[in-house]
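Enquirer: This is the structure, below, for whatever I ask next.
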Amino acid sequence: MLITLEGIEGSGKTTQINYIAAHLKDLGHECVITKEPGGTVIGGKIRSILLDPENKSIDPLAELLLYAADRVQHIKEFIAPALESGKIVICDRFCDSTTVYQGFTRGVDIDLIHQLNKLVLKGVEPDITFILDLPPELGLERAWNQINNGSRSVMETRFEKEKLCFHENVRKGYLKLAKKEPDRFVVIDASVEEALVREAIIGKLKEFLILRKM
Ligand code: TYD
């Protein structure tokens, strides 16, 4: 089973992913946490190009292809083997980030992105996707606090440096996807305090696991 988390900058995915893993482990499931971009050694090198604020002139198509390259390597080396061995994989960002950031927000043709996703994913698709939703002002404030206190790298701030309207479009993009595919997406209000976000996610996860008889 593949669980993914999506959301704008500062939505708290990284914190919540650990709660999901802890809950699944308590239930006796074997699970692994990973992230995109940068879930492999090669992916880590691609990540440093993608998030470097000096690379703000990167062409949207070049950006798209780098995310795709990262994902190909990640699925081959890490995600597919883990799924094959029966583990639950929890991934911080996945293919929906590409649709929303490179497609809806940067304006790369959506059909091209769908075709590329098909080629890259080879059938590895999320079973459930949590969208951590909150106003971008709040998300960016949280992200910059983390950058300023050193818990997030200043070398990876290319997206945080985008204008507010960019992040508003990202948020809208996620909500649009969620409307289109309500069976897979679960939208969580991430503007409230961490414990309430955790409760909401774990509640939905429990319902999902019951449906899957897990
Ligand atoms: P990261 O530091 O992991 O951000 P966060 O903690 O908010 O998840 O940076 C990942 C950035 O890459 C994020 O701004 C979104 C962007 N991204 C894309 O534009 N397309 C993609 O396909 C993926 C996976 C990420």
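All residue names refer to the structure tokens as shown: chains lettered A, B, ... in order, residues numbered from 1 in each chain, ligands numbered from 1 in order.
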Applying 12 Å and only C-alpha atoms, which residues near Gly12 of chain A remain after dropping the ones on its own chain fewer than 2 positions away? List them as an NGL selection string.
Expert: :A and (5-10 or 14-19 or 92-93 or 130-134 or 138-143 or 146 or 188-195 or 197-198 or 201)
Enquirer: Within 12 Å of Ile110 of chain A, counting only C-alpha atoms, which residues qualify if same-chain residues fewer than 2 places away don't, as a ChimeraX atom specification?
Expert: /A:61,64,96,98-108,112-117,173
Enquirer: What gap, in Å, lies between atom CA of Lys25 of chain A and atom CA of Thr129 of chain A?
Expert: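 Atom-to-atom, atom CA of Lys25 of chain A to atom CA of Thr129 of chain A, that is 18.8 Å.
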Enquirer: Rounded to one decimal place, report the atom CA of Thr40 of chain A-atom CA of Phe78 of chain A distance in Å.
Expert: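 Taking atom CA of Thr40 of chain A and atom CA of Phe78 of chain A, their separation equals 7.5 Å.
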Enquirer: Among segment 18-107 of chain A, which ones does DSSP assign to alpha helix (DSSP H) (computed from the backbone)? Answer as number ranges by chain.
Expert: A: 18-26, 41-51, 60-74, 80-84, 95-97
Enquirer: With N, CA and C atoms retained, could you export that selection as a tab-separated table (two decimals), in the first residue's frame?
Expert:
```tsv
chain	number	residue	atom	x	y	z
A	18	ASN	N	5.32	11.07	10.49
A	18	ASN	CA	5.84	10.25	11.58
A	18	ASN	C	4.71	9.70	12.45
A	19	TYR	N	3.65	10.48	12.62
A	19	TYR	CA	2.50	9.97	13.39
A	19	TYR	C	1.80	8.84	12.65
A	20	ILE	N	1.70	8.98	11.34
A	20	ILE	CA	1.06	7.92	10.53
A	20	ILE	C	1.86	6.63	10.68
A	21	ALA	N	3.20	6.75	10.55
A	21	ALA	CA	4.05	5.57	10.63
A	21	ALA	C	3.92	4.93	12.02
A	22	ALA	N	3.91	5.75	13.06
A	22	ALA	CA	3.82	5.21	14.43
A	22	ALA	C	2.49	4.48	14.61
A	23	HIS	N	1.42	5.04	14.08
A	23	HIS	CA	0.11	4.41	14.21
A	23	HIS	C	0.10	3.05	13.49
A	24	LEU	N	0.66	3.02	12.29
A	24	LEU	CA	0.66	1.77	11.52
A	24	LEU	C	1.53	0.71	12.20
A	25	LYS	N	2.64	1.15	12.79
A	25	LYS	CA	3.52	0.20	13.48
A	25	LYS	C	2.82	-0.37	14.71
A	26	ASP	N	2.07	0.49	15.43
A	26	ASP	CA	1.31	0.01	16.59
A	26	ASP	C	0.31	-1.07	16.19
A	41	VAL	N	20.04	8.19	-3.25
A	41	VAL	CA	21.29	8.96	-3.31
A	41	VAL	C	21.33	9.82	-4.58
A	42	ILE	N	20.98	9.19	-5.71
A	42	ILE	CA	20.95	9.95	-6.97
A	42	ILE	C	19.89	11.05	-6.88
A	43	GLY	N	18.75	10.69	-6.32
A	43	GLY	CA	17.67	11.67	-6.15
A	43	GLY	C	18.10	12.85	-5.29
A	44	GLY	N	18.96	12.59	-4.33
A	44	GLY	CA	19.45	13.67	-3.46
A	44	GLY	C	20.23	14.71	-4.27
A	45	LYS	N	20.95	14.20	-5.29
A	45	LYS	CA	21.71	15.14	-6.14
A	45	LYS	C	20.75	15.94	-7.02
A	46	ILE	N	19.72	15.27	-7.50
A	46	ILE	CA	18.72	15.97	-8.32
A	46	ILE	C	18.01	17.02	-7.45
A	47	ARG	N	17.71	16.62	-6.20
A	47	ARG	CA	17.02	17.54	-5.28
A	47	ARG	C	17.80	18.84	-5.09
A	48	SER	N	19.14	18.70	-4.96
A	48	SER	CA	19.91	19.92	-4.69
A	48	SER	C	19.86	20.88	-5.88
A	49	ILE	N	19.74	20.36	-7.08
A	49	ILE	CA	19.58	21.25	-8.25
A	49	ILE	C	18.20	21.91	-8.19
A	50	LEU	N	17.18	21.07	-7.91
A	50	LEU	CA	15.79	21.56	-7.97
A	50	LEU	C	15.47	22.63	-6.94
A	51	LEU	N	16.07	22.51	-5.76
A	51	LEU	CA	15.65	23.41	-4.68
A	51	LEU	C	16.63	24.56	-4.45
A	60	PRO	N	10.56	25.44	-17.03
A	60	PRO	CA	9.54	24.57	-16.44
A	60	PRO	C	9.61	23.12	-16.94
A	61	LEU	N	9.98	22.96	-18.23
A	61	LEU	CA	10.05	21.59	-18.76
A	61	LEU	C	11.27	20.87	-18.18
A	62	ALA	N	12.37	21.60	-18.05
A	62	ALA	CA	13.57	21.00	-17.43
A	62	ALA	C	13.25	20.61	-15.98
A	63	GLU	N	12.52	21.48	-15.31
A	63	GLU	CA	12.13	21.20	-13.91
A	63	GLU	C	11.28	19.92	-13.86
A	64	LEU	N	10.29	19.86	-14.75
A	64	LEU	CA	9.41	18.68	-14.81
A	64	LEU	C	10.22	17.40	-15.01
A	65	LEU	N	11.17	17.45	-15.94
A	65	LEU	CA	11.93	16.23	-16.27
A	65	LEU	C	12.85	15.82	-15.13
A	66	LEU	N	13.33	16.80	-14.38
A	66	LEU	CA	14.17	16.45	-13.22
A	66	LEU	C	13.33	15.77	-12.13
A	67	TYR	N	12.12	16.29	-11.89
A	67	TYR	CA	11.24	15.61	-10.91
A	67	TYR	C	10.91	14.19	-11.39
A	68	ALA	N	10.70	14.06	-12.71
A	68	ALA	CA	10.38	12.74	-13.26
A	68	ALA	C	11.57	11.79	-13.08
A	69	ALA	N	12.78	12.30	-13.34
A	69	ALA	CA	13.99	11.47	-13.19
A	69	ALA	C	14.15	11.02	-11.75
A	70	ASP	N	13.91	11.94	-10.84
A	70	ASP	CA	14.00	11.60	-9.41
A	70	ASP	C	13.02	10.48	-9.07
A	71	ARG	N	11.81	10.57	-9.62
A	71	ARG	CA	10.75	9.59	-9.30
A	71	ARG	C	11.05	8.22	-9.90
A	72	VAL	N	11.57	8.20	-11.13
A	72	VAL	CA	11.92	6.92	-11.76
A	72	VAL	C	12.90	6.16	-10.85
A	73	GLN	N	13.94	6.86	-10.44
A	73	GLN	CA	14.97	6.26	-9.61
A	73	GLN	C	14.40	5.81	-8.26
A	74	HIS	N	13.54	6.65	-7.70
A	74	HIS	CA	12.95	6.39	-6.38
A	74	HIS	C	12.06	5.14	-6.42
A	80	ALA	N	9.12	0.46	-5.24
A	80	ALA	CA	8.62	-0.82	-5.77
A	80	ALA	C	9.13	-2.01	-4.95
A	81	PRO	N	10.43	-2.08	-4.61
A	81	PRO	CA	10.87	-3.22	-3.79
A	81	PRO	C	10.17	-3.28	-2.43
A	82	ALA	N	9.95	-2.12	-1.82
A	82	ALA	CA	9.28	-2.11	-0.50
A	82	ALA	C	7.84	-2.61	-0.64
A	83	LEU	N	7.14	-2.15	-1.67
A	83	LEU	CA	5.75	-2.59	-1.87
A	83	LEU	C	5.71	-4.09	-2.16
A	84	GLU	N	6.66	-4.54	-2.97
A	84	GLU	CA	6.70	-5.97	-3.32
A	84	GLU	C	6.93	-6.84	-2.10
A	95	CYS	N	3.44	11.96	-7.15
A	95	CYS	CA	3.05	12.42	-8.49
A	95	CYS	C	2.10	13.63	-8.49
A	96	ASP	N	1.27	13.77	-7.45
A	96	ASP	CA	0.33	14.90	-7.44
A	96	ASP	C	1.06	16.23	-7.30
A	97	SER	N	2.23	16.22	-6.67
A	97	SER	CA	3.03	17.46	-6.61
A	97	SER	C	3.37	17.92	-8.02
```
Enquirer: So, counting only C-alpha atoms, which residue among A:Arg212, A:Lys179, A:Arg184, A:Lys87 is closest to Ile33 of chain A?
Expert: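 Between A:Arg212, A:Lys179, A:Arg184, A:Lys87, the residue approaching Ile33 of chain A most closely is A:Lys87.
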Enquirer: Given only C-alpha atoms and all ligand atoms as the basis, pick out the residue of A:Thr34, A:Asn145, A:Asn55, A:Ser11 nearest to ligand 1.
Expert: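 Smallest distance to ligand 1 is found for A:Ser11.
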Enquirer: Check the DSSP output for the backbone and give back, as a PyMOL selection string, the residues of segment 19-209 of chain A in strand (DSSP E).
Expert: chain A and resi 31-35+88-92+128-133+185-189
Enquirer: Using only C-alpha atoms and all ligand atoms, which of the listed residues (A:Tyr174, A:Trp144, A:Phe208, A:Phe159) sits closest to ligand 1?
Expert: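 Answer, going by the shortest atom-to-atom distance: A:Phe159.
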Enquirer: Can you pull out every residue within 12 Å of Ser85 of chain A, counting only C-alpha atoms, but drop anything in the same chain fewer than 6 positions away, and send it as a ChimeraX atom specification?
Expert: /A:1,30-32,78-79
Enquirer: With distances taken over only C-alpha atoms and all ligand atoms, which of A:Cys165, A:Ile88, A:Phe94, A:Leu211 is nearest to ligand 1?
Expert: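 Closest to ligand 1, using only C-alpha atoms and all ligand atoms: A:Phe94.
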Enquirer: Under the rule that only C-alpha atoms and all ligand atoms are counted, which of A:Leu27, A:Ile210, A:Val170, A:Ile128 is the nearest residue to ligand 1?
Expert: A:Val170
Enquirer: Which is closest to ligand 1 among A:Met155, A:Ala178, A:Ile3, A:Val186, if we use only C-alpha atoms and all ligand atoms?
Expert: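 Among A:Met155, A:Ala178, A:Ile3, A:Val186, it is A:Met155 that comes nearest to ligand 1.
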